[in-house]
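Novice: Sharing target18.pdb below, PDB, C-alpha atoms:
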```pdb
ATOM      1  CA  MET B 430       0.000   0.000   0.000
ATOM      2  CA  GLU B 431       2.784   2.474   0.840
ATOM      3  CA  ASN B 432       4.190   2.261  -2.694
ATOM      4  CA  LEU B 433       0.773   3.211  -4.052
ATOM      5  CA  ILE B 434       0.507   6.147  -1.645
ATOM      6  CA  ASP B 435       4.030   7.203  -2.635
ATOM      7  CA  THR B 436       2.943   7.120  -6.284
ATOM      8  CA  TRP B 437       0.184   9.630  -5.483
ATOM      9  CA  ILE B 438       2.669  11.809  -3.587
ATOM     10  CA  ILE B 439       4.998  11.845  -6.609
ATOM     11  CA  ASN B 440       2.037  12.887  -8.791
ATOM     12  CA  GLN B 441       1.397  15.827  -6.458
ATOM     13  CA  LYS B 442       5.099  16.756  -6.655
ATOM     14  CA  MET B 443       4.700  16.947 -10.450
ATOM     15  CA  ASN B 444       1.773  19.350 -10.026
ATOM     16  CA  ARG B 445       3.842  21.424  -7.618
ATOM     17  CA  LEU B 446       6.814  21.488 -10.012
ATOM     18  CA  LEU B 447       4.614  22.814 -12.825
ATOM     19  CA  VAL B 448       2.862  25.422 -10.677
ATOM     20  CA  LEU B 449       6.109  26.733  -9.227
ATOM     21  CA  ASP B 450       7.624  27.178 -12.708
ATOM     22  CA  THR B 451       4.533  28.943 -14.074
ATOM     23  CA  LYS B 452       4.460  32.707 -13.641
ATOM     24  CA  GLU B 453       1.224  33.918 -12.077
ATOM     25  CA  GLU B 454       0.536  36.230 -15.013
ATOM     26  CA  TRP B 455       0.535  33.098 -17.211
ATOM     27  CA  PHE B 456      -2.426  31.689 -15.241
ATOM     28  CA  ALA B 457      -4.683  33.712 -17.581
ATOM     29  CA  ASP B 458      -3.247  32.076 -20.739
ATOM     30  CA  ARG B 459      -5.819  30.261 -22.872
ATOM     31  CA  SER B 460      -5.514  27.850 -25.759
ATOM     32  CA  VAL B 461      -6.239  28.994 -29.275
ATOM     33  CA  ALA B 462      -8.918  26.282 -29.110
ATOM     34  CA  LYS B 463     -10.538  28.151 -26.159
ATOM     35  CA  GLY B 464     -11.457  26.228 -23.012
ATOM     36  CA  ARG B 465     -10.041  26.679 -19.522
ATOM     37  CA  SER B 466      -7.154  28.991 -18.785
ATOM     38  CA  VAL B 467      -3.980  27.667 -17.120
ATOM     39  CA  GLY B 468      -5.266  28.800 -13.726
ATOM     40  CA  GLU B 469      -8.670  27.265 -14.369
ATOM     41  CA  GLN B 470      -7.014  23.976 -15.341
ATOM     42  CA  LEU B 471      -5.156  23.922 -12.017
ATOM     43  CA  ALA B 472      -8.310  24.821 -10.092
ATOM     44  CA  HIS B 473     -10.149  22.051 -11.952
ATOM     45  CA  ILE B 474      -7.581  19.448 -10.843
ATOM     46  CA  HIS B 475      -8.180  20.485  -7.236
ATOM     47  CA  ASN B 476     -11.960  20.673  -7.597
ATOM     48  CA  VAL B 477     -12.181  17.170  -9.100
ATOM     49  CA  ARG B 478     -10.370  15.873  -6.034
ATOM     50  CA  LEU B 479     -13.025  17.569  -3.902
ATOM     51  CA  MET B 480     -15.783  16.056  -6.027
ATOM     52  CA  TRP B 481     -14.456  12.565  -5.277
ATOM     53  CA  LEU B 482     -14.067  13.353  -1.591
ATOM     54  CA  LYS B 483     -17.699  14.482  -1.505
ATOM     55  CA  VAL B 484     -18.833  11.215  -3.114
ATOM     56  CA  ALA B 485     -16.603   8.820  -1.189
ATOM     57  CA  ILE B 486     -15.865  10.336   2.244
ATOM     58  CA  PRO B 487     -17.671  13.682   2.675
ATOM     59  CA  GLU B 488     -16.221  14.284   6.143
ATOM     60  CA  LEU B 489     -12.812  14.810   4.483
ATOM     61  CA  LEU B 490     -14.235  17.954   2.842
ATOM     62  CA  SER B 491     -14.404  19.948   6.074
ATOM     63  CA  SER B 492     -10.960  21.544   5.689
ATOM     64  CA  GLN B 493     -11.193  21.932   1.908
ATOM     65  CA  LYS B 494     -11.869  25.048  -0.153
ATOM     66  CA  LYS B 495     -13.404  24.740  -3.610
ATOM     67  CA  PHE B 496     -12.130  27.135  -6.238
ATOM     68  CA  GLU B 497     -15.013  29.083  -7.704
ATOM     69  CA  LYS B 498     -14.786  30.828 -11.084
ATOM     70  CA  GLU B 499     -14.149  34.181  -9.382
ATOM     71  CA  THR B 500     -11.570  32.881  -6.875
ATOM     72  CA  PRO B 501      -8.313  34.780  -7.376
ATOM     73  CA  LEU B 502      -5.515  32.287  -7.910
ATOM     74  CA  SER B 503      -1.928  32.646  -6.823
ATOM     75  CA  LYS B 504       0.878  30.125  -6.557
ATOM     76  CA  GLN B 505       0.597  30.272  -2.783
ATOM     77  CA  VAL B 506      -3.175  29.638  -2.723
ATOM     78  CA  LEU B 507      -2.917  26.851  -5.309
ATOM     79  CA  MET B 508      -0.080  25.134  -3.460
ATOM     80  CA  GLU B 509      -1.827  25.381  -0.096
ATOM     81  CA  GLU B 510      -5.196  24.134  -1.308
ATOM     82  CA  MET B 511      -3.814  21.468  -3.639
ATOM     83  CA  GLY B 512      -1.601  20.294  -0.780
ATOM     84  CA  LYS B 513      -4.650  19.951   1.473
ATOM     85  CA  SER B 514      -6.692  18.125  -1.163
ATOM     86  CA  SER B 515      -3.751  15.840  -1.905
ATOM     87  CA  GLU B 516      -3.544  14.890   1.779
ATOM     88  CA  ALA B 517      -7.284  14.223   1.822
ATOM     89  CA  ILE B 518      -6.944  12.007  -1.262
ATOM     90  CA  ILE B 519      -4.221  10.086   0.595
ATOM     91  CA  SER B 520      -6.725   9.502   3.410
ATOM     92  CA  LEU B 521      -9.312   8.377   0.855
ATOM     93  CA  LEU B 522      -6.804   6.022  -0.777
ATOM     94  CA  ARG B 523      -5.743   4.529   2.563
ATOM     95  CA  ALA B 524      -9.381   3.887   3.452
ATOM     96  CA  GLY B 525     -10.046   2.419   0.018
ATOM     97  CA  PHE B 526      -7.009   0.155   0.069
ATOM     98  CA  SER B 527      -7.989  -1.145   3.502
ATOM     99  CA  THR B 528     -11.613  -1.893   2.515
ATOM    100  CA  GLY B 529     -11.011  -2.810  -1.116
ATOM    101  CA  ARG B 530     -13.339  -0.144  -2.509
ATOM    102  CA  ILE B 531     -13.819   3.563  -3.148
ATOM    103  CA  LYS B 532     -17.465   4.567  -2.820
ATOM    104  CA  GLY B 533     -18.820   5.652  -6.205
ATOM    105  CA  PHE B 534     -15.910   4.206  -8.204
ATOM    106  CA  LYS B 535     -15.411   0.840  -9.868
ATOM    107  CA  PRO B 536     -13.619  -1.495 -10.140
ATOM    108  CA  HIS B 537     -11.151  -1.053  -7.237
ATOM    109  CA  PRO B 538      -8.993   1.512  -5.360
ATOM    110  CA  GLU B 539      -5.890   0.827  -7.458
ATOM    111  CA  ALA B 540      -7.853   1.754 -10.595
ATOM    112  CA  PHE B 541      -9.074   4.887  -8.808
ATOM    113  CA  LEU B 542      -5.457   5.900  -8.183
ATOM    114  CA  GLY B 543      -4.671   5.309 -11.860
ATOM    115  CA  TYR B 544      -7.726   7.303 -12.915
ATOM    116  CA  MET B 545      -6.789  10.247 -10.690
ATOM    117  CA  ILE B 546      -3.189  10.335 -11.890
ATOM    118  CA  ALA B 547      -4.266  10.025 -15.536
ATOM    119  CA  HIS B 548      -6.725  12.882 -15.066
ATOM    120  CA  GLU B 549      -4.149  15.175 -13.511
ATOM    121  CA  ALA B 550      -1.448  14.255 -16.049
ATOM    122  CA  HIS B 551      -3.910  15.024 -18.859
ATOM    123  CA  HIS B 552      -4.421  18.530 -17.479
ATOM    124  CA  ARG B 553      -0.691  19.052 -16.926
ATOM    125  CA  GLY B 554      -0.262  18.261 -20.629
ATOM    126  CA  GLN B 555      -2.989  20.733 -21.538
ATOM    127  CA  ILE B 556      -1.346  23.383 -19.366
ATOM    128  CA  ILE B 557       2.016  22.912 -21.068
ATOM    129  CA  LEU B 558       0.376  23.129 -24.501
ATOM    130  CA  ILE B 559      -1.480  26.313 -23.536
ATOM    131  CA  LEU B 560       1.704  27.865 -22.189
ATOM    132  CA  LYS B 561       3.610  26.992 -25.366
ATOM    133  CA  GLU B 562       0.821  28.392 -27.555
ATOM    134  CA  ASN B 563       1.156  31.662 -25.642
ATOM    135  CA  GLY B 564       4.949  31.784 -25.936
ATOM    136  CA  HIS B 565       5.409  30.963 -22.243
ATOM    137  CA  ILE B 566       7.497  27.837 -22.317
ATOM    138  CA  PRO B 567       8.321  26.308 -18.940
ATOM    139  CA  GLY B 568      11.999  25.694 -18.230
ATOM    140  CA  LYS B 569      13.682  22.497 -19.394
ATOM    141  CA  LYS B 570      14.182  21.481 -15.761
ATOM    142  CA  THR B 571      10.397  21.412 -15.394
ATOM    143  CA  LEU B 572       9.617  19.864 -18.778
ATOM    144  CA  TYR B 573      12.068  17.007 -18.176
ATOM    145  CA  GLY B 574      11.351  16.910 -14.439
ATOM    146  CA  LEU B 575       7.717  16.015 -15.065
ATOM    147  CA  TRP B 576       9.006  12.671 -16.382
ATOM    148  CA  GLU B 577      11.588  12.016 -13.688
ATOM    149  CA  TRP B 578       9.334  10.190 -11.242
ATOM    150  CA  GLY B 579      12.221   8.034 -10.061
ATOM    151  CA  THR B 580      14.057  11.052  -8.647
ATOM    152  CA  LYS B 581      11.115  12.784  -6.977
TER     153      LYS B 581
END
```
Let's see the structure in the file written out as structure tokens.

Specialist:
Amino acid sequence: MENLIDTWIINQKMNRLLVLDTKEEWFADRSVAKGRSVGEQLAHIHNVRLMWLKVAIPELLSSQKKFEKETPLSKQVLMEEMGKSSEAIISLLRAGFSTGRIKGFKPHPEAFLGYMIAHEAHHRGQIILILKENGHIPGKKTLYGLWEWGTK
């Protein structure tokens, strides 16, 4: 179980790496194909975590703050709130691994972990594409670092 929890923690480190290398003024960048801005993508990652907490273990929501459309986003706020939701997801995963299920999700907790990581990686990819489209290319340390899970 601890290796699975560690896998989630590494995923959160990848989110942190990307946020820390993204200038706050770039949070407003949007794709030429429209859709969510960089900041909205990051808020969405956090809010989806909260959605699953609400479904599976609502009592874990008590210390969480949902990002609304008008919520001003900063690196500090994103890191604090995403850190809290990541810890709550760890609690959800631990409960799920011990019981063999995540309420509202099939087939099993290991698939839930895979689903969550795939979802967040998808949005990290969208964020990088949006940044590149706007001429705001993250540093090579970040672009390569997102794939260096063995060193995180």

Novice: Skipping near chain neighbours, those fewer than 6 positions away, what residues fall within 7 Å of Lys504 of chain B using only C-alpha atoms, listed as a ChimeraX atom specification?

Specialist: /B:448-449,453

Novice: Which is closer to Leu471 of chain B than all the others in B:Gly543, B:Ile566, B:Trp576, B:Leu507, using only C-alpha atoms?

Specialist: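 Under the stated criterion, the closest residue is B:Leu507.
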
Novice: In terms of the shortest atom-to-atom distance over only C-alpha atoms, which of B:Lys483, B:Lys532, B:Lys495, B:His552 is closest to Ser466 of chain B?

Specialist: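 Counting only C-alpha atoms, the residue closest to Ser466 of chain B is B:His552.
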
Novice: Could you list, as an MDAnalysis selection string, every residue within 8 Å of segment 508-513 of chain B, counting all atoms listed in the file and ignoring same-chain residues fewer than 3 positions away?

Specialist: chainID B and resid 441 445 448 475 492:494 504:505 516:517

Novice: What lies within 12 Å of Lys452 of chain B using all atoms listed in the file, ignoring chain neighbours under 4 positions off, as a list of chain:residue names?

Specialist: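 My list of contacting residues is B:Leu447, B:Val448, B:Phe456, B:Ala457, B:Asp458, B:Val467, B:Gly468, B:Leu502, B:Ser503, B:Lys504, B:Gln505, B:Leu560, B:His565, B:Ile566, B:Pro567, B:Gly568.
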
Novice: Keeping only C-alpha atoms, write those residues as a compact mmCIF listing (two decimals), in the frame of the given file.

Specialist:
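File written: again11.txt
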```txt
# COMPACT_ATOMS: atom_id res chain seq x y z
CA LEU B 447 4.61 22.81 -12.82
CA VAL B 448 2.86 25.42 -10.68
CA PHE B 456 -2.43 31.69 -15.24
CA ALA B 457 -4.68 33.71 -17.58
CA ASP B 458 -3.25 32.08 -20.74
CA VAL B 467 -3.98 27.67 -17.12
CA GLY B 468 -5.27 28.80 -13.73
CA LEU B 502 -5.52 32.29 -7.91
CA SER B 503 -1.93 32.65 -6.82
CA LYS B 504 0.88 30.12 -6.56
CA GLN B 505 0.60 30.27 -2.78
CA LEU B 560 1.70 27.86 -22.19
CA HIS B 565 5.41 30.96 -22.24
CA ILE B 566 7.50 27.84 -22.32
CA PRO B 567 8.32 26.31 -18.94
CA GLY B 568 12.00 25.69 -18.23
```

Novice: Considering all atoms listed in the file, return as a list in words whatever protein or nucleic-acid residues lie within 12 Å of Lys535 of chain B, sequence-local ones (same chain, fewer than 5 positions apart) excluded.

Specialist: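 Returned residues: Ala485, Gly525, Gly529, Arg530, Ala540, Phe541, Leu542, Gly543 and Tyr544 of chain B.
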
Novice: Can you work out the spacing between atom CA of Thr436 of chain B and atom CA of Leu572 of chain B in Å, to one decimal?

Specialist: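 About the pair atom CA of Thr436 of chain B and atom CA of Leu572 of chain B: they are 19.1 Å apart.
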
Novice: For a test of reading the model, state the distance in Å between atom CA of Arg465 of chain B and atom CA of His551 of chain B, rounded to one decimal.

Specialist: 13.2 Å

Novice: What is the distance between atom CA of Pro536 of chain B and atom CA of Ser515 of chain B, in Å to one decimal?

Specialist: 21.6 Å

Novice: List every protein, DNA or RNA residue that has an atom no more than 12 Å from (-9.5, 5.3, 2.6) in the file's coordinate frame, counting only C-alpha atoms, and report them as a VMD selection string.

Specialist: chain B and resid 430 434 481 to 482 485 to 489 516 to 532 537 to 539 541 to 542

Novice: The PyMOL selection byres ((chain B and resi 574) around 12) on the file shown: which residues, as a PyMOL selection string?

Specialist: chain B and resi 439-440+442-447+450+567-573+575-581

Novice: Using all atoms listed in the file, can you tell me which of B:Met480, B:His548, B:Glu469, B:Phe496 comes closest to Trp455 of chain B?

Specialist: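 Closest residue, counting all atoms listed in the file: B:Glu469.
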